[in-house]
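Structure record follows, encoded as C-alpha cells.
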Amino acid sequence: MRFEKLSGRAEFLSHLKGFEREIQELEYRLDPLTGHVSVVCRGRLAYVLKYFRQDEELLEELISSTRENCPFCPGAVEERTPKFPPEVAGEGRLRRGDCWAVPALYAHADFNAIIILGSEHYRPLDKMDEGLFEDGLSLALEVLRRAHRAYSRLGHATIMMGYMPTGGSSLLHPHMQVLMMPIPFNRTLYLLEKSIEYRRHSGNFWSELVRTEAGEGERLVGHLGRTWWLAPFAPSARYEVIGLVEGASNLLDLGEDDVACLARGISRVLRAYADMGITAFNMAFLSGPLGEDLSDSFWLQVRICARFGLSRSRLSDFWALPVVLWTDEVFEAPEEYASKLKRYFQSGL
C-alpha cells in the first residue's frame with residue numbers, strides 16, 4: 001500500500017506585498033486505492049473557514065419562515081406526507097421514537113424513503129445525538145429490508161443525508177434518505193471495482209488500510225465496536241471522515257451493535273464539526289450489493305464531509321474543479337484535522 005505525495009508550488013508577484021514574489025506551497029496526494037488526486041493547500045484556513053460559518057440572522061429568518069409549512073414537523077407528518085404501498089408497509093408509515101419513515105414525494109430512485117430525524121424543525125450539529133441517529137438508522141434499515149423483500153430486483157442501496165440548503169437540502173428539518181436502484185451508484189461501483197481488483201493482486205484493501213492506519217496513528221480517529229473511523233490520506237471533500245464496518249460489505253449485514261456504533265461515530269464527527277464552526281454537511285453509505293457477501297474485498301462504509309455555511313454571499317463550494325474535473329482541494333491536511341477529531345472518540349465523551 002503506497003501513500004504517495006508530490007510537492008508543488010505556485011509563484012506570482014503579489015500586489016499585497018508591493019509586487020514581491022510570493023510562493024505558495026502545495027501538496028498533491030494520490031489515493032492509495034484509486035489514484036484519486038487531492039490537493040492540500042495549507043495556509044488558507046483563516047481565509048476559507050469564514051465560508052463554513054453561518055449567518056445567524058439569516059438562519060433565524062429561515063427557521064421562522066419554513067416552520068409553519070414544514071411537512072416533517074409534529075402534527076403535519078400524518079397529514080402531509082405520502083404512505084408506502086402495502087407490500088412495503090401495511091401500516092402506511094413507520095415510526096421509531098420521534099423518527100418517521102415515509103416515501104419521498106419526488107423520488108430520486110425506484111425506491112426512495114425519507115427518514116425524518118426527530119420532531120425539532122432545526123438542530124445544530126452538536127444537538128444531533130447518537131440516540132437520534134440510532135433510531136433513524138434503525139428505521140432506515142427496517143424500511144430497506146422491507147423494500148428489498150418487496151422489490152428484490154433493487155439490489156443496490158444507500159442511506160444518505162444533506163443538511164442545510166448549502167448541503168443540498170430543500171427542507172430544513174433534519175432528515176435522511178434511503179435510495180434503492182437496480183444498478184449501483186457510480187462511486188460505489190468505482191470503489192467496488194477497485195477493491196476487487198486490489199484483492200486479485202494483494203488482499204483486502206480496507207483491512208490493510210485499517211491495519212496500516214492503526215499502526216501509524218496519524219489519521220485514525222477512533223474505533224467503536226467493529227467500526228473504524230479515519231481521515232482519508234487523500235480526501236475527496238472538505239474535512240472528510242470515513243467510517244468502515246469491519247467484515248460487513250452491505251447494509252443488510254448490519255446488526256444492532258453496528259447501528260449503535262455508527263450512530264455514536266456519526267454524532268461525534270458532527271459534534272467535532274460544530275466545535276470547528278462547521279454547520280452543514282453531507283453523508284452517505286457506500287454499500288455493496290444487498291444480500292451478497294463481498295467482505296473479502298469491500299467493507300461497507302459511511303463518508304461524511306463538511307459544506308459551507310448558510311450565508312447571504314450565496315457562495316458554493318461545489319464548483320468546476322470537483323464537479324467537472326473530479327478533483328478537489330482541502331485546506332488542512334487530514335493528519336491535522338484528524339488530531340482535532342480524535343478526542344471526540346475517547347471514552348466518556
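Each chain of the C-alpha cells is named A, B, ... in the order shown, its residues numbered from 1; ligands are numbered from 1 in display order.
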
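Within segment 73-142 of chain A, DSSP applied to the backbone places the following residues in helix (DSSP H, G or I): Val77, Glu78, Glu79, Arg80, Leu125, Asp126, Lys127, Glu130, Gly131, Leu132, Phe133, Glu134, Asp135, Gly136, Leu137, Ser138, Leu139, Ala140, Leu141 and Glu142 of chain A.
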
Generate the output file for the selected residues, all heavy atoms, as a compact mmCIF listing (two decimals), in the first residue's frame.
# COMPACT_ATOMS: atom_id res chain seq x y z
N VAL A 77 -46.87 15.40 9.77
CA VAL A 77 -46.38 14.18 9.12
C VAL A 77 -47.54 13.31 8.64
O VAL A 77 -47.56 12.84 7.49
CB VAL A 77 -45.48 13.37 10.07
CG1 VAL A 77 -45.08 12.05 9.43
CG2 VAL A 77 -44.23 14.17 10.44
N GLU A 78 -48.53 13.10 9.49
CA GLU A 78 -49.62 12.18 9.15
C GLU A 78 -50.63 12.78 8.19
O GLU A 78 -51.46 12.07 7.64
CB GLU A 78 -50.31 11.73 10.44
CG GLU A 78 -49.40 10.87 11.30
CD GLU A 78 -50.01 10.54 12.65
OE1 GLU A 78 -49.97 11.43 13.53
OE2 GLU A 78 -50.52 9.42 12.81
N GLU A 79 -50.54 14.08 7.96
CA GLU A 79 -51.47 14.74 7.04
C GLU A 79 -50.82 15.12 5.72
O GLU A 79 -51.49 15.18 4.69
CB GLU A 79 -52.04 16.00 7.69
CG GLU A 79 -52.92 15.74 8.91
CD GLU A 79 -53.47 17.03 9.50
OE1 GLU A 79 -53.15 18.12 8.95
OE2 GLU A 79 -54.19 16.97 10.50
N ARG A 80 -49.50 15.36 5.75
CA ARG A 80 -48.88 15.99 4.59
C ARG A 80 -47.70 15.19 4.03
O ARG A 80 -46.86 15.74 3.33
CB ARG A 80 -48.41 17.39 4.97
CG ARG A 80 -49.57 18.29 5.41
CD ARG A 80 -49.10 19.68 5.78
NE ARG A 80 -48.34 20.28 4.68
CZ ARG A 80 -47.50 21.30 4.84
NH1 ARG A 80 -47.28 21.79 6.04
NH2 ARG A 80 -46.87 21.81 3.80
N LEU A 125 -25.51 21.02 14.75
CA LEU A 125 -24.87 19.72 14.60
C LEU A 125 -24.55 19.06 15.94
O LEU A 125 -24.59 17.84 16.06
CB LEU A 125 -23.59 19.85 13.77
CG LEU A 125 -23.74 20.37 12.34
CD1 LEU A 125 -22.48 20.07 11.54
CD2 LEU A 125 -24.95 19.78 11.64
N ASP A 126 -24.25 19.86 16.97
CA ASP A 126 -23.91 19.26 18.26
C ASP A 126 -25.15 18.80 19.03
O ASP A 126 -25.02 18.24 20.12
CB ASP A 126 -23.07 20.21 19.11
CG ASP A 126 -23.73 21.56 19.34
OD1 ASP A 126 -24.82 21.81 18.78
OD2 ASP A 126 -23.17 22.37 20.10
N LYS A 127 -26.34 19.00 18.46
CA LYS A 127 -27.57 18.50 19.07
C LYS A 127 -28.11 17.28 18.33
O LYS A 127 -29.18 16.76 18.66
CB LYS A 127 -28.64 19.60 19.10
CG LYS A 127 -28.23 20.84 19.89
CD LYS A 127 -27.89 20.52 21.34
CE LYS A 127 -27.50 21.77 22.12
NZ LYS A 127 -27.08 21.46 23.50
N GLU A 130 -26.41 10.67 19.42
CA GLU A 130 -26.35 9.29 18.94
C GLU A 130 -27.69 8.59 19.04
O GLU A 130 -28.01 7.72 18.22
CB GLU A 130 -25.29 8.51 19.70
CG GLU A 130 -25.49 8.41 21.19
CD GLU A 130 -24.29 7.76 21.87
OE1 GLU A 130 -23.31 8.46 22.15
OE2 GLU A 130 -24.35 6.53 22.10
N GLY A 131 -28.53 8.96 20.02
CA GLY A 131 -29.86 8.35 20.12
C GLY A 131 -30.72 8.67 18.91
O GLY A 131 -31.46 7.82 18.41
N LEU A 132 -30.61 9.91 18.44
CA LEU A 132 -31.36 10.32 17.25
C LEU A 132 -30.92 9.50 16.04
O LEU A 132 -31.76 8.97 15.29
CB LEU A 132 -31.13 11.81 16.99
CG LEU A 132 -31.84 12.42 15.79
CD1 LEU A 132 -33.34 12.56 16.06
CD2 LEU A 132 -31.24 13.78 15.43
N PHE A 133 -29.62 9.36 15.85
CA PHE A 133 -29.13 8.61 14.70
C PHE A 133 -29.36 7.10 14.85
O PHE A 133 -29.58 6.41 13.86
CB PHE A 133 -27.65 8.91 14.46
CG PHE A 133 -27.42 10.16 13.67
CD1 PHE A 133 -26.87 11.29 14.26
CD2 PHE A 133 -27.78 10.23 12.33
CE1 PHE A 133 -26.67 12.45 13.54
CE2 PHE A 133 -27.59 11.40 11.59
CZ PHE A 133 -27.03 12.52 12.20
N GLU A 134 -29.34 6.61 16.07
CA GLU A 134 -29.61 5.18 16.26
C GLU A 134 -31.05 4.87 15.87
O GLU A 134 -31.31 3.88 15.16
CB GLU A 134 -29.35 4.77 17.70
CG GLU A 134 -29.45 3.27 17.91
CD GLU A 134 -28.93 2.81 19.25
OE1 GLU A 134 -28.42 3.64 20.03
OE2 GLU A 134 -29.05 1.60 19.53
N ASP A 135 -32.00 5.70 16.29
CA ASP A 135 -33.39 5.50 15.88
C ASP A 135 -33.54 5.67 14.37
O ASP A 135 -34.22 4.88 13.70
CB ASP A 135 -34.30 6.49 16.60
CG ASP A 135 -34.61 6.09 18.04
OD1 ASP A 135 -34.33 4.92 18.40
OD2 ASP A 135 -35.12 6.93 18.80
N GLY A 136 -32.90 6.71 13.83
CA GLY A 136 -33.03 6.98 12.39
C GLY A 136 -32.44 5.89 11.53
O GLY A 136 -33.04 5.45 10.54
N LEU A 137 -31.23 5.42 11.90
CA LEU A 137 -30.59 4.36 11.11
C LEU A 137 -31.34 3.04 11.26
O LEU A 137 -31.48 2.28 10.29
CB LEU A 137 -29.13 4.20 11.55
CG LEU A 137 -28.18 5.32 11.15
CD1 LEU A 137 -26.81 5.10 11.79
CD2 LEU A 137 -28.04 5.42 9.63
N SER A 138 -31.84 2.75 12.46
CA SER A 138 -32.62 1.51 12.65
C SER A 138 -33.86 1.53 11.79
O SER A 138 -34.24 0.52 11.18
CB SER A 138 -32.99 1.36 14.13
OG SER A 138 -31.85 1.22 14.94
N LEU A 139 -34.51 2.67 11.73
CA LEU A 139 -35.71 2.82 10.92
C LEU A 139 -35.38 2.71 9.43
O LEU A 139 -36.10 2.08 8.66
CB LEU A 139 -36.37 4.17 11.23
CG LEU A 139 -37.83 4.37 10.87
CD1 LEU A 139 -38.72 3.28 11.43
CD2 LEU A 139 -38.29 5.75 11.35
N ALA A 140 -34.26 3.32 9.04
CA ALA A 140 -33.82 3.24 7.64
C ALA A 140 -33.58 1.79 7.23
O ALA A 140 -33.96 1.36 6.13
CB ALA A 140 -32.57 4.08 7.43
N LEU A 141 -32.94 1.02 8.11
CA LEU A 141 -32.66 -0.38 7.79
C LEU A 141 -33.93 -1.22 7.77
O LEU A 141 -34.05 -2.15 6.96
CB LEU A 141 -31.66 -0.95 8.79
CG LEU A 141 -30.24 -0.39 8.68
CD1 LEU A 141 -29.38 -0.87 9.83
CD2 LEU A 141 -29.61 -0.77 7.35
N GLU A 142 -34.89 -0.89 8.64
CA GLU A 142 -36.16 -1.62 8.63
C GLU A 142 -36.90 -1.41 7.32
O GLU A 142 -37.38 -2.37 6.70
CB GLU A 142 -37.01 -1.16 9.81
CG GLU A 142 -38.43 -1.72 9.83
CD GLU A 142 -38.50 -3.24 9.94
OE1 GLU A 142 -37.49 -3.86 10.38
OE2 GLU A 142 -39.54 -3.82 9.59

Taking 5 positions as the minimum chain separation for residues in the same chain, which residues sit within 10 Å of Leu62 of chain A when counting only C-alpha atoms? Answer as a VMD selection string. chain A and resid 56 to 57 67 122 172 310

In Å to one decimal, how far is atom CA of Cys261 of chain A from atom CA of Ala113 of chain A?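 Taking atom CA of Ala113 of chain A as the start and atom CA of Cys261 of chain A as the end point, the length is 22.8 Å.
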
Could you write out, as a ChimeraX atom specification, all the residues of segment 191-243 of chain A that DSSP marks as strand (DSSP E or B)? /A:220-224,227-230,241-243

Measuring between only C-alpha atoms, which one of A:Val323, A:Ala101, A:Met164, A:Ile23 shows the shortest distance to Ser311 of chain A? A:Met164

Taking only C-alpha atoms into account, name the residue in A:Pro32, A:Gly222, A:Gly217, A:Gly203 that is nearest to Arg2 of chain A. A:Pro32

Go through A:Glu197, A:Glu22, A:Glu246, A:Glu60 and flag the residue nearest Leu209 of chain A, using only C-alpha atoms for the distances.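 When distances to Leu209 of chain A are compared using only C-alpha atoms, the smallest one comes from A:Glu246.
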
Report, in Å with one decimal, the straight-line distance from atom CA of Asp129 of chain A to atom CA of Arg264 of chain A.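 Atom CA of Asp129 of chain A sits 7.7 Å away from atom CA of Arg264 of chain A.
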
Show me, as a list in words, the residues that have an atom within 12 Å of Leu315 of chain A when counting only C-alpha atoms, minus same-chain residues fewer than 3 positions from it. Val48, Lys50, Tyr51, Phe52, Pro165, Thr166, Arg307, Phe308, Gly309, Leu310, Ser311, Arg312, Phe318 and Trp319 of chain A

When you count only C-alpha atoms, which of these residues is closest to Arg53 of chain A: A:Ala284, A:Val102, A:Ile278, A:Leu341? A:Ile278

Long-range neighbours of segment 248-260 of chain A as a PyMOL selection string, 6 Å cut-off, only C-alpha atoms, 5 positions minimum in chain: chain A and resi 134+287-288+290+294-295+298-300

Would you output that residue set with all heavy atoms, as a compact mmCIF listing (two decimals), in the first residue's frame?
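The resulting file, again_32.txt, is reproduced below:
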# COMPACT_ATOMS: atom_id res chain seq x y z
N GLU A 134 -29.34 6.61 16.07
CA GLU A 134 -29.61 5.18 16.26
C GLU A 134 -31.05 4.87 15.87
O GLU A 134 -31.31 3.88 15.16
CB GLU A 134 -29.35 4.77 17.70
CG GLU A 134 -29.45 3.27 17.91
CD GLU A 134 -28.93 2.81 19.25
OE1 GLU A 134 -28.42 3.64 20.03
OE2 GLU A 134 -29.05 1.60 19.53
N SER A 287 -22.48 1.00 -0.08
CA SER A 287 -22.82 -0.39 0.23
C SER A 287 -22.60 -1.28 -0.98
O SER A 287 -22.94 -0.91 -2.11
CB SER A 287 -24.29 -0.46 0.67
OG SER A 287 -24.74 -1.79 0.74
N GLY A 288 -22.08 -2.46 -0.73
CA GLY A 288 -22.03 -3.47 -1.77
C GLY A 288 -23.42 -3.97 -2.09
O GLY A 288 -24.40 -3.58 -1.44
N LEU A 290 -26.87 -5.70 -2.11
CA LEU A 290 -27.62 -6.22 -0.97
C LEU A 290 -27.68 -7.75 -1.01
O LEU A 290 -27.97 -8.35 -2.04
CB LEU A 290 -29.03 -5.64 -0.96
CG LEU A 290 -29.13 -4.12 -0.84
CD1 LEU A 290 -30.59 -3.67 -0.94
CD2 LEU A 290 -28.52 -3.62 0.46
N LEU A 294 -19.37 -9.66 -0.05
CA LEU A 294 -18.13 -9.27 -0.72
C LEU A 294 -17.11 -8.77 0.30
O LEU A 294 -16.20 -8.01 -0.04
CB LEU A 294 -18.42 -8.16 -1.75
CG LEU A 294 -19.34 -8.52 -2.91
CD1 LEU A 294 -19.55 -7.32 -3.81
CD2 LEU A 294 -18.78 -9.68 -3.71
N SER A 295 -17.27 -9.21 1.55
CA SER A 295 -16.45 -8.66 2.62
C SER A 295 -14.96 -9.02 2.48
O SER A 295 -14.12 -8.40 3.15
CB SER A 295 -16.97 -9.12 3.98
OG SER A 295 -17.00 -10.53 4.06
N PHE A 298 -14.44 -5.79 -0.01
CA PHE A 298 -15.01 -4.46 0.22
C PHE A 298 -15.69 -4.40 1.57
O PHE A 298 -16.39 -5.34 1.96
CB PHE A 298 -16.03 -4.15 -0.90
CG PHE A 298 -16.70 -2.81 -0.76
CD1 PHE A 298 -16.06 -1.65 -1.17
CD2 PHE A 298 -17.98 -2.70 -0.23
CE1 PHE A 298 -16.68 -0.42 -1.05
CE2 PHE A 298 -18.61 -1.48 -0.11
CZ PHE A 298 -17.95 -0.33 -0.52
N TRP A 299 -15.50 -3.30 2.27
CA TRP A 299 -16.19 -3.08 3.54
C TRP A 299 -17.20 -1.94 3.40
O TRP A 299 -16.89 -0.89 2.81
CB TRP A 299 -15.21 -2.72 4.65
CG TRP A 299 -14.41 -3.88 5.17
CD1 TRP A 299 -14.49 -5.19 4.75
CD2 TRP A 299 -13.41 -3.84 6.19
NE1 TRP A 299 -13.60 -5.96 5.46
CE2 TRP A 299 -12.93 -5.16 6.35
CE3 TRP A 299 -12.89 -2.83 6.99
CZ2 TRP A 299 -11.94 -5.48 7.27
CZ3 TRP A 299 -11.90 -3.14 7.91
CH2 TRP A 299 -11.44 -4.45 8.05
N LEU A 300 -18.39 -2.17 3.92
CA LEU A 300 -19.41 -1.12 3.99
C LEU A 300 -18.81 0.11 4.67
O LEU A 300 -18.06 -0.02 5.64
CB LEU A 300 -20.61 -1.62 4.78
CG LEU A 300 -21.70 -0.60 5.12
CD1 LEU A 300 -22.48 -0.23 3.88
CD2 LEU A 300 -22.62 -1.17 6.20

Neighbouring residues of Pro322 of chain A were defined as those with any atom within 12 Å, considering only C-alpha atoms; residues of the same chain fewer than 5 positions away were excluded. Please report them as a list of chain:residue names. A:His36, A:Val37, A:Ser38, A:Val39, A:Pro235, A:Ser236, A:Ala237, A:Arg238, A:Ser316, A:Asp317, A:Thr327, A:Asp328, A:Glu329, A:Val330

Give me, as a PyMOL selection string, all polymer residues having an atom no more than 10 Å from Gly35 of chain A, counting only C-alpha atoms and skipping those fewer than 3 positions away in the same chain. chain A and resi 3-4+29-32+38+234

Since we have the selection now, will you write its residues out, keeping N, CA and C atoms, as a PDB file, in the first residue's frame?
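Result file is result33.pdb:
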ATOM      1  N   PHE A   3       1.383   5.427  -0.046  1.00  0.00           N
ATOM      2  CA  PHE A   3       0.818   6.743   0.250  1.00  0.00           C
ATOM      3  C   PHE A   3       1.707   7.775  -0.437  1.00  0.00           C
ATOM      4  N   GLU A   4       1.329   8.140  -1.651  1.00  0.00           N
ATOM      5  CA  GLU A   4       2.175   9.000  -2.472  1.00  0.00           C
ATOM      6  C   GLU A   4       1.814  10.474  -2.307  1.00  0.00           C
ATOM      7  N   ARG A  29      -1.802  14.656  -3.348  1.00  0.00           N
ATOM      8  CA  ARG A  29      -1.843  13.330  -2.751  1.00  0.00           C
ATOM      9  C   ARG A  29      -2.640  12.381  -3.633  1.00  0.00           C
ATOM     10  N   LEU A  30      -2.168  11.155  -3.744  1.00  0.00           N
ATOM     11  CA  LEU A  30      -2.836  10.138  -4.554  1.00  0.00           C
ATOM     12  C   LEU A  30      -3.468   9.099  -3.633  1.00  0.00           C
ATOM     13  N   ASP A  31      -4.757   8.881  -3.797  1.00  0.00           N
ATOM     14  CA  ASP A  31      -5.447   7.880  -3.005  1.00  0.00           C
ATOM     15  C   ASP A  31      -4.798   6.517  -3.254  1.00  0.00           C
ATOM     16  N   PRO A  32      -4.491   5.767  -2.181  1.00  0.00           N
ATOM     17  CA  PRO A  32      -3.758   4.505  -2.368  1.00  0.00           C
ATOM     18  C   PRO A  32      -4.546   3.407  -3.079  1.00  0.00           C
ATOM     19  N   SER A  38      -5.885  14.558  -4.637  1.00  0.00           N
ATOM     20  CA  SER A  38      -6.380  15.598  -3.738  1.00  0.00           C
ATOM     21  C   SER A  38      -5.273  16.627  -3.578  1.00  0.00           C
ATOM     22  N   ALA A 234      -6.002  10.961   1.117  1.00  0.00           N
ATOM     23  CA  ALA A 234      -6.261  11.922   0.037  1.00  0.00           C
ATOM     24  C   ALA A 234      -7.756  12.256   0.038  1.00  0.00           C
TER      25      ALA A 234
END

In Å, how far is it from atom CA of Gln54 of chain A to atom CA of Leu270 of chain A?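 Distance reported for this atom pair: 15.2 Å.
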